[in-house]
file start_29.pdb (PDB, C-alpha atoms (C1' of nucleotides))
MODEL        1
ATOM      1  CA  MET M 835     -52.127  25.726 -35.139
ATOM      2  CA  ASN M 836     -49.511  23.062 -35.162
ATOM      3  CA  ALA M 837     -48.756  20.046 -37.280
ATOM      4  CA  THR M 838     -50.350  17.429 -35.052
ATOM      5  CA  HIS M 839     -54.062  16.850 -34.760
ATOM      6  CA  LYS M 840     -53.923  18.326 -31.319
ATOM      7  CA  ARG M 841     -55.399  21.517 -30.001
ATOM      8  CA  VAL M 842     -54.075  25.020 -30.407
ATOM      9  CA  ARG M 843     -53.032  26.769 -27.242
ATOM     10  CA  THR M 844     -55.953  28.673 -25.824
ATOM     11  CA  ALA M 845     -56.594  30.775 -22.758
ATOM     12  CA  HIS M 846     -57.831  27.673 -21.022
ATOM     13  CA  GLU M 847     -54.566  25.868 -20.683
ATOM     14  CA  LYS M 848     -53.985  24.623 -17.171
ATOM     15  CA  GLU M 849     -51.796  27.432 -15.943
ATOM     16  CA  ASN M 850     -54.078  30.137 -17.248
ATOM     17  CA  CYS M 851     -57.071  28.403 -15.801
ATOM     18  CA  LYS M 852     -55.449  28.513 -12.412
ATOM     19  CA  VAL M 853     -55.126  32.274 -12.357
ATOM     20  CA  VAL M 854     -58.784  32.642 -13.242
ATOM     21  CA  VAL M 855     -59.633  30.227 -10.476
ATOM     22  CA  GLU M 856     -57.376  32.099  -8.091
ATOM     23  CA  MET M 857     -59.104  35.352  -9.033
ATOM     24  CA  LEU M 858     -62.543  33.870  -8.693
ATOM     25  CA  SER M 859     -61.745  32.649  -5.220
ATOM     26  CA  ARG M 860     -60.949  36.230  -4.242
ATOM     27  CA  ILE M 861     -63.444  38.280  -6.210
ATOM     28  CA  GLY M 862     -66.033  35.710  -7.223
ATOM     29  CA  ASP M 863     -67.554  34.940  -3.879
ATOM     30  CA  LYS M 864     -71.023  36.022  -2.925
ATOM     31  CA  TRP M 865     -70.298  38.954  -0.643
ATOM     32  CA  THR M 866     -67.454  40.409  -2.677
ATOM     33  CA  VAL M 867     -69.639  40.639  -5.755
ATOM     34  CA  MET M 868     -72.424  42.196  -3.712
ATOM     35  CA  VAL M 869     -70.087  44.777  -2.209
ATOM     36  CA  VAL M 870     -68.541  45.663  -5.560
ATOM     37  CA  GLY M 871     -72.035  45.885  -6.976
ATOM     38  CA  ALA M 872     -73.138  48.230  -4.232
ATOM     39  CA  LEU M 873     -70.027  50.377  -4.513
ATOM     40  CA  SER M 874     -70.384  50.580  -8.280
ATOM     41  CA  GLU M 875     -73.118  53.084  -7.555
ATOM     42  CA  GLY M 876     -70.728  55.315  -5.680
ATOM     43  CA  THR M 877     -69.035  55.887  -2.357
ATOM     44  CA  MET M 878     -70.748  54.400   0.645
ATOM     45  CA  ARG M 879     -70.329  54.277   4.387
ATOM     46  CA  TYR M 880     -69.995  51.092   6.355
ATOM     47  CA  THR M 881     -73.539  51.126   7.646
ATOM     48  CA  GLU M 882     -74.947  52.084   4.289
ATOM     49  CA  LEU M 883     -73.292  49.045   2.784
ATOM     50  CA  GLN M 884     -74.630  46.879   5.545
ATOM     51  CA  ARG M 885     -78.146  48.130   4.943
ATOM     52  CA  SER M 886     -77.939  47.910   1.173
ATOM     53  CA  ILE M 887     -76.558  44.379   1.101
ATOM     54  CA  ASP M 888     -79.297  42.105   2.225
ATOM     55  CA  GLY M 889     -78.307  39.573   4.835
ATOM     56  CA  ILE M 890     -74.655  40.407   5.234
ATOM     57  CA  SER M 891     -73.252  40.140   8.743
ATOM     58  CA  GLN M 892     -70.882  42.683  10.217
ATOM     59  CA  ARG M 893     -68.196  40.077  10.246
ATOM     60  CA  MET M 894     -68.492  39.294   6.553
ATOM     61  CA  LEU M 895     -68.819  42.919   5.532
ATOM     62  CA  THR M 896     -65.647  43.766   7.399
ATOM     63  CA  LEU M 897     -63.753  40.769   6.043
ATOM     64  CA  THR M 898     -64.932  41.401   2.496
ATOM     65  CA  LEU M 899     -64.007  45.072   2.614
ATOM     66  CA  LYS M 900     -60.605  44.211   4.058
ATOM     67  CA  GLY M 901     -59.985  41.755   1.245
ATOM     68  CA  LEU M 902     -60.983  44.249  -1.400
ATOM     69  CA  GLU M 903     -58.858  46.934   0.214
ATOM     70  CA  GLU M 904     -55.913  44.569   0.400
ATOM     71  CA  ASP M 905     -56.254  43.870  -3.301
ATOM     72  CA  GLY M 906     -56.360  47.557  -4.095
ATOM     73  CA  LEU M 907     -59.905  47.382  -5.410
ATOM     74  CA  VAL M 908     -61.524  49.458  -2.706
ATOM     75  CA  ALA M 909     -60.255  52.558  -0.934
ATOM     76  CA  ARG M 910     -61.118  53.179   2.699
ATOM     77  CA  THR M 911     -61.268  56.724   4.000
ATOM     78  CA  VAL M 912     -61.625  57.528   7.680
ATOM     79  CA  HIS M 913     -62.998  60.898   8.663
ATOM     80  CA  PRO M 914     -61.843  61.390  12.249
ATOM     81  CA  THR M 915     -65.044  62.947  13.451
ATOM     82  CA  ILE M 916     -67.351  61.994  16.258
ATOM     83  CA  PRO M 917     -69.109  59.799  15.529
ATOM     84  CA  PRO M 918     -66.570  58.339  13.095
ATOM     85  CA  ARG M 919     -67.346  58.324   9.413
ATOM     86  CA  VAL M 920     -65.711  55.715   7.207
ATOM     87  CA  GLU M 921     -66.261  55.760   3.489
ATOM     88  CA  TYR M 922     -65.592  53.057   0.986
ATOM     89  CA  THR M 923     -65.190  53.589  -2.706
ATOM     90  CA  LEU M 924     -64.005  51.594  -5.674
ATOM     91  CA  THR M 925     -60.506  52.456  -6.844
ATOM     92  CA  PRO M 926     -59.986  52.994 -10.577
ATOM     93  CA  MET M 927     -58.879  49.367 -10.773
ATOM     94  CA  GLY M 928     -61.917  48.322  -8.803
ATOM     95  CA  ARG M 929     -64.146  50.103 -11.256
ATOM     96  CA  THR M 930     -62.632  48.150 -14.153
ATOM     97  CA  LEU M 931     -63.785  44.976 -12.447
ATOM     98  CA  THR M 932     -67.379  45.900 -13.021
ATOM     99  CA  LYS M 933     -66.905  45.353 -16.731
ATOM    100  CA  PRO M 934     -66.164  41.598 -16.725
ATOM    101  CA  LEU M 935     -68.714  41.276 -13.955
ATOM    102  CA  PHE M 936     -71.197  42.934 -16.261
ATOM    103  CA  ALA M 937     -70.252  40.493 -19.022
ATOM    104  CA  LEU M 938     -71.089  37.711 -16.621
ATOM    105  CA  TYR M 939     -74.315  39.431 -15.742
ATOM    106  CA  GLN M 940     -75.276  39.611 -19.391
ATOM    107  CA  TRP M 941     -74.419  35.989 -19.928
ATOM    108  CA  THR M 942     -76.519  35.152 -16.908
ATOM    109  CA  MET M 943     -79.538  37.057 -18.105
ATOM    110  CA  GLU M 944     -79.251  35.488 -21.524
ATOM    111  CA  HIS M 945     -78.860  31.906 -20.419
ATOM    112  CA  ARG M 946     -80.555  31.655 -17.080
ATOM    113  CA  PRO M 947     -83.936  30.697 -18.535
ATOM    114  CA  ALA M 948     -82.338  27.901 -20.546
ATOM    115  CA  MET M 949     -80.460  26.682 -17.521
ATOM    116  CA  LEU M 950     -83.572  26.605 -15.391
ATOM    117  CA  GLU M 951     -85.298  24.694 -18.170
ATOM    118  CA  ALA M 952     -82.395  22.272 -18.372
ATOM    119  CA  ARG M 953     -82.553  21.701 -14.655
ATOM    120  CA  LYS M 954     -86.250  20.948 -14.770
ATOM    121  CA  ALA M 955     -85.706  18.543 -17.653
ATOM    122  CA  TYR M 956     -82.858  16.891 -15.784
ATOM    123  CA  ALA M 957     -84.972  16.495 -12.671
ATOM    124  CA  LYS M 958     -87.775  15.007 -14.720
ATOM    125  CA  ALA M 959     -85.449  12.541 -16.401
ATOM    126  CA  ALA M 960     -84.010  11.532 -13.034
ATOM    127  CA  ALA M 961     -87.491  11.064 -11.597
ATOM    128  CA  LYS M 962     -88.445   8.813 -14.495
ATOM    129  CA  LYS M 963     -85.472   6.579 -13.815
ATOM    130  CA  THR M 964     -86.155   6.392 -10.090
ATOM    131  CA  GLY M 965     -89.899   6.067 -10.246
TER
ATOM    132  CA  MET Z1339     -78.843  60.203 -16.336
ATOM    133  CA  ASN Z1340     -81.712  61.630 -14.420
ATOM    134  CA  ALA Z1341     -82.565  64.949 -12.854
ATOM    135  CA  THR Z1342     -81.556  64.117  -9.306
ATOM    136  CA  HIS Z1343     -77.976  63.729  -8.209
ATOM    137  CA  LYS Z1344     -78.669  60.073  -7.676
ATOM    138  CA  ARG Z1345     -77.505  57.125  -9.653
ATOM    139  CA  VAL Z1346     -78.970  55.806 -12.850
ATOM    140  CA  ARG Z1347     -80.227  52.290 -12.691
ATOM    141  CA  THR Z1348     -77.387  49.953 -13.519
ATOM    142  CA  ALA Z1349     -76.867  46.254 -13.744
ATOM    143  CA  HIS Z1350     -75.743  46.305 -10.171
ATOM    144  CA  GLU Z1351     -79.040  46.922  -8.497
ATOM    145  CA  LYS Z1352     -79.718  44.490  -5.707
ATOM    146  CA  GLU Z1353     -81.917  42.082  -7.612
ATOM    147  CA  ASN Z1354     -79.601  41.891 -10.583
ATOM    148  CA  CYS Z1355     -76.646  41.418  -8.331
ATOM    149  CA  LYS Z1356     -78.329  38.419  -6.822
ATOM    150  CA  VAL Z1357     -78.605  36.571 -10.092
ATOM    151  CA  VAL Z1358     -74.928  37.110 -10.762
ATOM    152  CA  VAL Z1359     -74.177  35.822  -7.299
ATOM    153  CA  GLU Z1360     -76.470  32.874  -7.864
ATOM    154  CA  MET Z1361     -74.679  32.115 -11.137
ATOM    155  CA  LEU Z1362     -71.264  32.479  -9.585
ATOM    156  CA  SER Z1363     -72.161  30.019  -6.886
ATOM    157  CA  ARG Z1364     -72.917  27.464  -9.590
ATOM    158  CA  ILE Z1365     -70.376  28.192 -12.281
ATOM    159  CA  GLY Z1366     -67.798  30.288 -10.462
ATOM    160  CA  ASP Z1367     -66.337  27.704  -8.169
ATOM    161  CA  LYS Z1368     -62.873  26.342  -8.584
ATOM    162  CA  TRP Z1369     -63.564  22.971 -10.112
ATOM    163  CA  THR Z1370     -66.373  24.062 -12.401
ATOM    164  CA  VAL Z1371     -64.150  26.647 -14.042
ATOM    165  CA  MET Z1372     -61.368  24.097 -14.386
ATOM    166  CA  VAL Z1373     -63.692  21.552 -15.977
ATOM    167  CA  VAL Z1374     -65.177  24.077 -18.382
ATOM    168  CA  GLY Z1375     -61.659  25.201 -19.203
ATOM    169  CA  ALA Z1376     -60.561  21.645 -19.906
ATOM    170  CA  LEU Z1377     -63.619  20.887 -21.991
ATOM    171  CA  SER Z1378     -63.212  24.106 -23.961
ATOM    172  CA  GLU Z1379     -60.463  22.238 -25.762
ATOM    173  CA  GLY Z1380     -62.839  19.549 -26.869
ATOM    174  CA  THR Z1381     -64.583  16.345 -25.831
ATOM    175  CA  MET Z1382     -62.920  14.420 -23.044
ATOM    176  CA  ARG Z1383     -63.403  11.199 -21.164
ATOM    177  CA  TYR Z1384     -63.823  11.006 -17.418
ATOM    178  CA  THR Z1385     -60.293   9.825 -16.766
ATOM    179  CA  GLU Z1386     -58.816  12.315 -19.195
ATOM    180  CA  LEU Z1387     -60.496  15.103 -17.270
ATOM    181  CA  GLN Z1388     -59.235  13.707 -14.028
ATOM    182  CA  ARG Z1389     -55.694  13.617 -15.331
ATOM    183  CA  SER Z1390     -55.840  17.031 -16.961
ATOM    184  CA  ILE Z1391     -57.258  18.795 -13.925
ATOM    185  CA  ASP Z1392     -54.569  18.873 -11.349
ATOM    186  CA  GLY Z1393     -55.626  17.851  -7.877
ATOM    187  CA  ILE Z1394     -59.297  17.115  -8.484
ATOM    188  CA  SER Z1395     -60.752  14.203  -6.563
ATOM    189  CA  GLN Z1396     -63.109  11.677  -8.147
ATOM    190  CA  ARG Z1397     -65.826  12.927  -5.886
ATOM    191  CA  MET Z1398     -65.501  16.527  -6.999
ATOM    192  CA  LEU Z1399     -65.090  15.653 -10.656
ATOM    193  CA  THR Z1400     -68.270  13.632 -10.560
ATOM    194  CA  LEU Z1401     -70.185  16.268  -8.629
ATOM    195  CA  THR Z1402     -68.956  19.065 -10.862
ATOM    196  CA  LEU Z1403     -69.825  17.199 -14.047
ATOM    197  CA  LYS Z1404     -73.267  16.370 -12.668
ATOM    198  CA  GLY Z1405     -73.880  20.005 -11.882
ATOM    199  CA  LEU Z1406     -72.807  21.125 -15.311
ATOM    200  CA  GLU Z1407     -74.906  18.445 -16.936
ATOM    201  CA  GLU Z1408     -77.887  19.422 -14.837
ATOM    202  CA  ASP Z1409     -77.510  23.015 -15.980
ATOM    203  CA  GLY Z1410     -77.328  21.941 -19.596
ATOM    204  CA  LEU Z1411     -73.772  23.164 -19.993
ATOM    205  CA  VAL Z1412     -72.167  19.786 -20.507
ATOM    206  CA  ALA Z1413     -73.422  16.748 -22.387
ATOM    207  CA  ARG Z1414     -72.610  13.243 -21.189
ATOM    208  CA  THR Z1415     -72.418  10.410 -23.674
ATOM    209  CA  VAL Z1416     -72.102   6.800 -22.604
ATOM    210  CA  HIS Z1417     -70.687   4.295 -25.073
ATOM    211  CA  PRO Z1418     -71.863   0.924 -23.804
ATOM    212  CA  THR Z1419     -68.658  -0.890 -24.559
ATOM    213  CA  ILE Z1420     -66.400  -2.925 -22.332
ATOM    214  CA  PRO Z1421     -64.673  -1.196 -20.701
ATOM    215  CA  PRO Z1422     -67.218   1.615 -20.617
ATOM    216  CA  ARG Z1423     -66.405   4.851 -22.372
ATOM    217  CA  VAL Z1424     -68.037   8.049 -21.155
ATOM    218  CA  GLU Z1425     -67.444  11.277 -22.973
ATOM    219  CA  TYR Z1426     -68.119  14.782 -21.804
ATOM    220  CA  THR Z1427     -68.457  17.783 -24.052
ATOM    221  CA  LEU Z1428     -69.626  21.351 -23.743
ATOM    222  CA  THR Z1429     -73.084  21.988 -25.132
ATOM    223  CA  PRO Z1430     -73.543  25.017 -27.386
ATOM    224  CA  MET Z1431     -74.695  26.933 -24.321
ATOM    225  CA  GLY Z1432     -71.703  25.675 -22.402
ATOM    226  CA  ARG Z1433     -69.419  26.974 -25.091
ATOM    227  CA  THR Z1434     -70.902  30.452 -24.785
ATOM    228  CA  LEU Z1435     -69.843  30.462 -21.167
ATOM    229  CA  THR Z1436     -66.216  30.495 -22.182
ATOM    230  CA  LYS Z1437     -66.639  34.011 -23.485
ATOM    231  CA  PRO Z1438     -67.414  35.799 -20.188
ATOM    232  CA  LEU Z1439     -64.914  33.507 -18.542
ATOM    233  CA  PHE Z1440     -62.385  34.709 -21.062
ATOM    234  CA  ALA Z1441     -63.288  38.309 -20.259
ATOM    235  CA  LEU Z1442     -62.536  37.518 -16.653
ATOM    236  CA  TYR Z1443     -59.314  35.886 -17.693
ATOM    237  CA  GLN Z1444     -58.280  39.000 -19.570
ATOM    238  CA  TRP Z1445     -59.136  41.207 -16.657
ATOM    239  CA  THR Z1446     -57.115  38.932 -14.439
ATOM    240  CA  MET Z1447     -54.057  39.041 -16.637
ATOM    241  CA  GLU Z1448     -54.298  42.783 -16.890
ATOM    242  CA  HIS Z1449     -54.740  43.532 -13.213
ATOM    243  CA  ARG Z1450     -53.103  40.674 -11.388
ATOM    244  CA  PRO Z1451     -49.719  42.356 -11.178
ATOM    245  CA  ALA Z1452     -51.275  45.492  -9.708
ATOM    246  CA  MET Z1453     -53.245  43.431  -7.224
ATOM    247  CA  LEU Z1454     -50.168  41.543  -6.105
ATOM    248  CA  GLU Z1455     -48.395  44.881  -5.697
ATOM    249  CA  ALA Z1456     -51.317  46.262  -3.720
ATOM    250  CA  ARG Z1457     -51.251  43.264  -1.450
ATOM    251  CA  LYS Z1458     -47.551  43.674  -0.779
ATOM    252  CA  ALA Z1459     -48.047  47.358  -0.033
ATOM    253  CA  TYR Z1460     -50.960  46.536   2.255
ATOM    254  CA  ALA Z1461     -48.912  43.964   4.131
ATOM    255  CA  LYS Z1462     -46.066  46.429   4.506
ATOM    256  CA  ALA Z1463     -48.399  49.126   5.814
ATOM    257  CA  ALA Z1464     -49.920  46.681   8.274
ATOM    258  CA  ALA Z1465     -46.465  45.617   9.458
ATOM    259  CA  LYS Z1466     -45.497  49.227  10.084
ATOM    260  CA  LYS Z1467     -48.541  49.734  12.267
ATOM    261  CA  THR Z1468     -47.893  46.598  14.280
ATOM    262  CA  GLY Z1469     -44.299  47.576  14.764
TER
ATOM    263  C1'  DC V 753     -63.223   2.453 -16.768
ATOM    264  C1'  DG V 754     -66.266   5.270 -14.496
ATOM    265  C1'  DG V 755     -68.183   5.830 -11.069
ATOM    266  C1'  DT V 756     -70.770   5.535  -5.727
ATOM    267  C1'  DA V 757     -70.650   5.483  -0.592
ATOM    268  C1'  DT V 758     -68.776   6.698   3.738
ATOM    269  C1'  DC V 759     -66.180   9.098   6.893
ATOM    270  C1'  DC V 760     -63.970  12.932   8.700
ATOM    271  C1'  DA V 761     -61.149  17.333   8.900
ATOM    272  C1'  DC V 762     -61.326  21.797   7.996
ATOM    273  C1'  DT V 763     -63.137  26.157   7.296
ATOM    274  C1'  DA V 764     -66.378  29.480   6.324
ATOM    275  C1'  DC V 765     -69.967  31.846   8.254
ATOM    276  C1'  DG V 766     -73.747  33.651  11.360
ATOM    277  C1'  DA V 767     -74.869  34.990  15.988
ATOM    278  C1'  DT V 768     -73.625  37.299  19.859
ATOM    279  C1'  DA V 769     -71.197  40.255  22.824
ATOM    280  C1'  DC V 770     -68.099  43.853  23.543
ATOM    281  C1'  DT V 771     -65.136  48.497  22.315
ATOM    282  C1'  DG V 772     -63.042  53.188  20.933
TER
ATOM    283  C1'  DC L 475     -70.761  54.655  14.019
ATOM    284  C1'  DA L 476     -67.627  51.313  12.785
ATOM    285  C1'  DG L 477     -65.748  48.004  13.928
ATOM    286  C1'  DT L 478     -63.178  43.501  16.875
ATOM    287  C1'  DA L 479     -63.347  39.012  19.432
ATOM    288  C1'  DT L 480     -65.124  34.645  20.349
ATOM    289  C1'  DC L 481     -67.829  30.668  19.730
ATOM    290  C1'  DG L 482     -70.752  27.062  17.620
ATOM    291  C1'  DT L 483     -72.236  24.913  13.655
ATOM    292  C1'  DA L 484     -73.359  23.561   8.923
ATOM    293  C1'  DG L 485     -71.564  22.762   4.736
ATOM    294  C1'  DT L 486     -67.393  21.651   1.583
ATOM    295  C1'  DG L 487     -64.351  18.673  -0.022
ATOM    296  C1'  DG L 488     -60.381  15.184   0.398
ATOM    297  C1'  DA L 489     -59.187  10.327   1.386
ATOM    298  C1'  DT L 490     -60.422   5.832   1.179
ATOM    299  C1'  DA L 491     -62.855   1.835  -0.015
ATOM    300  C1'  DC L 492     -65.871  -0.495  -2.750
ATOM    301  C1'  DC L 493     -69.006  -1.667  -7.249
ATOM    302  C1'  DG L 494     -71.016  -2.679 -12.209
TER
ENDMDL
END
call {"tool": "encode", "arguments": {"input": "start_29.pdb", "output": "structure tokens"}}
result
Amino acid sequence: MNATHKRVRTAHEKENCKVVVEMLSRIGDKWTVMVVGALSEGTMRYTELQRSIDGISQRMLTLTLKGLEEDGLVARTVHPTIPPRVEYTLTPMGRTLTKPLFALYQWTMEHRPAMLEARKAYAKAAAKKTG
Amino acid sequence: MNATHKRVRTAHEKENCKVVVEMLSRIGDKWTVMVVGALSEGTMRYTELQRSIDGISQRMLTLTLKGLEEDGLVARTVHPTIPPRVEYTLTPMGRTLTKPLFALYQWTMEHRPAMLEARKAYAKAAAKKTG
DNA sequence: CGGTATCCACTACGATACTG
DNA sequence: CAGTATCGTAGTGGATACCG
């Protein structure tokens, strides 16, 4: 609180917002969330991931895994056998990410129906104006 | 827990993952988070938002606000004065969104240093390989 | 003031082909 | 099996100009 009528400083001040945005751009994209989700169930091989994540291309799987590895969220282990066996697993830090992701999941489940409703209502209102 | 060595069913099963992804694609993008962050401090006018969100274009501000309004997360109030005065505010549902966003913010603050470290280490390791 | 409309650059991504 | 390399395209978003 301060003496003026103005706001208190919250977590949503500009600077703080930017780091969330920065994070979201790295971990909040479609494929990254899917990969983290898949790996949250345990270690997986490249092809397993590809099969378990519907619609992902080799290119995107590779890029996504590289990004996660670069950020220290996923560990890559190569078993130098023939044929090669490469396993991916969440690092301890990577595992902690599932918690806020789960918070988002809960929020989603709780509010998705209302949002879908809102969208229908919005569409209806727009249609009324147009037609 | 179940009898097999396999996983228990978690929030990260494919289907559930998809709704999180779907949500993220609507509320997880750069500008949406910035707008929600700005509005978490209270009602704001269009131009105020534009000034407070660094680098946003009119186009994106308008599109983002429309999206949020469509989803029932932001309410738009037009005061038919001259010059016009349009105010945006988070709906009750919109305000609940700040909570999981805050969880993400906390995670970010906690793990960002480690991630930056990891990235440096990764870059160094890559450089060593290349020569 | 609070937008809309148009254009255009950039990039993200899928498809495809090839490799150790 | 686990990738890399290349290409074409569709969508994203900034810049600019204009409107009620």
call {"tool": "resolve_selection", "arguments": {"input": "start_29.pdb", "expression": "the PyMOL selection byres ((chain M) within 7 of (chain L))", "output": "PDB file with C-alpha atoms, in the frame of the given file"}}
result
ATOM      1  CA  TYR M 880     -69.995  51.092   6.355  1.00  0.00           C
ATOM      2  CA  PRO M 917     -69.109  59.799  15.529  1.00  0.00           C
ATOM      3  CA  PRO M 918     -66.570  58.339  13.095  1.00  0.00           C
ATOM      4  CA  ARG M 919     -67.346  58.324   9.413  1.00  0.00           C
TER       5      ARG M 919
END
call {"tool": "residues_near_point", "arguments": {"input": "start_29.pdb", "point": "(-57.3, 59.1, 18.3)", "cutoff": "10 Å", "atoms": "only C-alpha atoms (C1' of nucleotides)", "output": "NGL selection string"}}
result
(:M and (914-915)) or (:V and (772))
call {"tool": "write_last_selection", "arguments": {"input": "start_29.pdb", "atoms": "C-alpha atoms (C1' of nucleotides)", "output": "PDB file, keeping the file's coordinate frame"}}
result
ATOM      1  CA  PRO M 914     -61.843  61.390  12.249  1.00  0.00           C
ATOM      2  CA  THR M 915     -65.044  62.947  13.451  1.00  0.00           C
TER       3      THR M 915
ATOM      4  C1'  DG V 772     -63.042  53.188  20.933  1.00  0.00           C
TER       5       DG V 772
END
call {"tool": "atom_distance", "arguments": {"input": "start_29.pdb", "atom1": "atom C1' of V:DT758", "atom2": "atom CA of Z:Arg1397"}}
result
11.8 Å
call {"tool": "closest_residue", "arguments": {"input": "start_29.pdb", "among": "Z:Val1416, Z:Met1453, Z:Met1382, Z:Met1398", "to": "chain M", "atoms": "all atoms listed in the file"}}
result
Z:Met1453
call {"tool": "closest_residue", "arguments": {"input": "start_29.pdb", "among": "V:DA764, V:DC753, V:DC759, V:DC770", "to": "chain M", "atoms": "all atoms listed in the file"}}
result
V:DA764
call {"tool": "atom_distance", "arguments": {"input": "start_29.pdb", "atom1": "atom CA of M:Val853", "atom2": "atom CA of Z:Tyr1443"}}
result
7.7 Å
call {"tool": "closest_atom_pairs", "arguments": {"input": "start_29.pdb", "of": "chain M", "to": "chain Z", "cutoff": "8 Å", "atoms": "all atoms listed in the file", "output": "JSON lines"}}
result
{"residue": "M:Arg841", "atom": "CA", "partner": "Z:Glu1379", "partner_atom": "CA", "distance": 6.6}
{"residue": "M:Thr844", "atom": "CA", "partner": "Z:Glu1379", "partner_atom": "CA", "distance": 7.9}
{"residue": "M:Ala845", "atom": "CA", "partner": "Z:Phe1440", "partner_atom": "CA", "distance": 7.2}
{"residue": "M:His846", "atom": "CA", "partner": "Z:Gly1375", "partner_atom": "CA", "distance": 4.9}
{"residue": "M:Glu847", "atom": "CA", "partner": "Z:Gly1375", "partner_atom": "CA", "distance": 7.3}
{"residue": "M:Lys848", "atom": "CA", "partner": "Z:Ile1391", "partner_atom": "CA", "distance": 7.4}
{"residue": "M:Asn850", "atom": "CA", "partner": "Z:Tyr1443", "partner_atom": "CA", "distance": 7.8}
{"residue": "M:Cys851", "atom": "CA", "partner": "Z:Met1372", "partner_atom": "CA", "distance": 6.2}
{"residue": "M:Lys852", "atom": "CA", "partner": "Z:Met1372", "partner_atom": "CA", "distance": 7.6}
{"residue": "M:Val853", "atom": "CA", "partner": "Z:Thr1446", "partner_atom": "CA", "distance": 7.3}
{"residue": "M:Val854", "atom": "CA", "partner": "Z:Tyr1443", "partner_atom": "CA", "distance": 5.5}
{"residue": "M:Val855", "atom": "CA", "partner": "Z:Lys1368", "partner_atom": "CA", "distance": 5.4}
{"residue": "M:Glu856", "atom": "CA", "partner": "Z:Lys1368", "partner_atom": "CA", "distance": 8.0}
{"residue": "M:Met857", "atom": "CA", "partner": "Z:Thr1446", "partner_atom": "CA", "distance": 6.8}
{"residue": "M:Leu858", "atom": "CA", "partner": "Z:Gly1366", "partner_atom": "CA", "distance": 6.6}
{"residue": "M:Ser859", "atom": "CA", "partner": "Z:Lys1368", "partner_atom": "CA", "distance": 7.2}
{"residue": "M:Gly862", "atom": "CA", "partner": "Z:Gly1366", "partner_atom": "CA", "distance": 6.6}
{"residue": "M:Asp863", "atom": "CA", "partner": "Z:Leu1362", "partner_atom": "CA", "distance": 7.2}
{"residue": "M:Lys864", "atom": "CA", "partner": "Z:Val1359", "partner_atom": "CA", "distance": 5.4}
{"residue": "M:Val867", "atom": "CA", "partner": "Z:Val1359", "partner_atom": "CA", "distance": 6.8}
{"residue": "M:Met868", "atom": "CA", "partner": "Z:Cys1355", "partner_atom": "CA", "distance": 6.3}
{"residue": "M:Gly871", "atom": "CA", "partner": "Z:His1350", "partner_atom": "CA", "distance": 4.9}
{"residue": "M:Ala872", "atom": "CA", "partner": "Z:His1350", "partner_atom": "CA", "distance": 6.8}
{"residue": "M:Ser874", "atom": "CA", "partner": "Z:His1350", "partner_atom": "CA", "distance": 7.1}
{"residue": "M:Glu875", "atom": "CA", "partner": "Z:Arg1345", "partner_atom": "CA", "distance": 6.3}
{"residue": "M:Ser886", "atom": "CA", "partner": "Z:Lys1352", "partner_atom": "CA", "distance": 7.9}
{"residue": "M:Ile887", "atom": "CA", "partner": "Z:Lys1352", "partner_atom": "CA", "distance": 7.5}
{"residue": "M:Glu904", "atom": "CA", "partner": "Z:Arg1457", "partner_atom": "CA", "distance": 5.2}
{"residue": "M:Asp905", "atom": "CA", "partner": "Z:Met1453", "partner_atom": "CA", "distance": 5.0}
{"residue": "M:Gly906", "atom": "CA", "partner": "Z:Ala1456", "partner_atom": "CA", "distance": 5.2}
{"residue": "M:Leu907", "atom": "CA", "partner": "Z:Met1453", "partner_atom": "CA", "distance": 8.0}
{"residue": "M:Met927", "atom": "CA", "partner": "Z:His1449", "partner_atom": "CA", "distance": 7.6}
{"residue": "M:Leu931", "atom": "CA", "partner": "Z:Trp1445", "partner_atom": "CA", "distance": 7.3}
{"residue": "M:Pro934", "atom": "CA", "partner": "Z:Leu1442", "partner_atom": "CA", "distance": 5.5}
{"residue": "M:Leu935", "atom": "CA", "partner": "Z:Leu1442", "partner_atom": "CA", "distance": 7.7}
{"residue": "M:Phe936", "atom": "CA", "partner": "Z:Ala1349", "partner_atom": "CA", "distance": 7.0}
{"residue": "M:Ala937", "atom": "CA", "partner": "Z:Pro1438", "partner_atom": "CA", "distance": 5.6}
{"residue": "M:Leu938", "atom": "CA", "partner": "Z:Pro1438", "partner_atom": "CA", "distance": 5.5}
{"residue": "M:Tyr939", "atom": "CA", "partner": "Z:Val1358", "partner_atom": "CA", "distance": 5.5}
{"residue": "M:Trp941", "atom": "CA", "partner": "Z:Pro1438", "partner_atom": "CA", "distance": 7.0}
{"residue": "M:Thr942", "atom": "CA", "partner": "Z:Val1358", "partner_atom": "CA", "distance": 6.6}
{"residue": "M:His945", "atom": "CA", "partner": "Z:Met1431", "partner_atom": "CA", "distance": 7.6}
{"residue": "M:Ala948", "atom": "CA", "partner": "Z:Gly1410", "partner_atom": "CA", "distance": 7.8}
{"residue": "M:Met949", "atom": "CA", "partner": "Z:Asp1409", "partner_atom": "CA", "distance": 5.0}
{"residue": "M:Leu950", "atom": "CA", "partner": "Z:Asp1409", "partner_atom": "CA", "distance": 7.1}
{"residue": "M:Ala952", "atom": "CA", "partner": "Z:Gly1410", "partner_atom": "CA", "distance": 5.2}
{"residue": "M:Arg953", "atom": "CA", "partner": "Z:Glu1408", "partner_atom": "CA", "distance": 5.2}
{"residue": "M:Tyr956", "atom": "CA", "partner": "Z:Glu1408", "partner_atom": "CA", "distance": 5.7}
{"residue": "M:Ala957", "atom": "CA", "partner": "Z:Glu1408", "partner_atom": "CA", "distance": 8.0}
call {"tool": "resolve_selection", "arguments": {"input": "start_29.pdb", "expression": "the PyMOL selection byres ((chain V) within 10 of (chain M))", "output": "short mmCIF file (atom, residue, chain, number, x, y, z; two decimals) with C-alpha atoms (C1' of nucleotides), keeping the file's coordinate frame"}}
result
data_model
loop_
_atom_site.label_atom_id
_atom_site.label_comp_id
_atom_site.auth_asym_id
_atom_site.auth_seq_id
_atom_site.Cartn_x
_atom_site.Cartn_y
_atom_site.Cartn_z
"C1'" DC V 765 -69.97 31.85 8.25
"C1'" DG V 766 -73.75 33.65 11.36
"C1'" DA V 767 -74.87 34.99 15.99
#
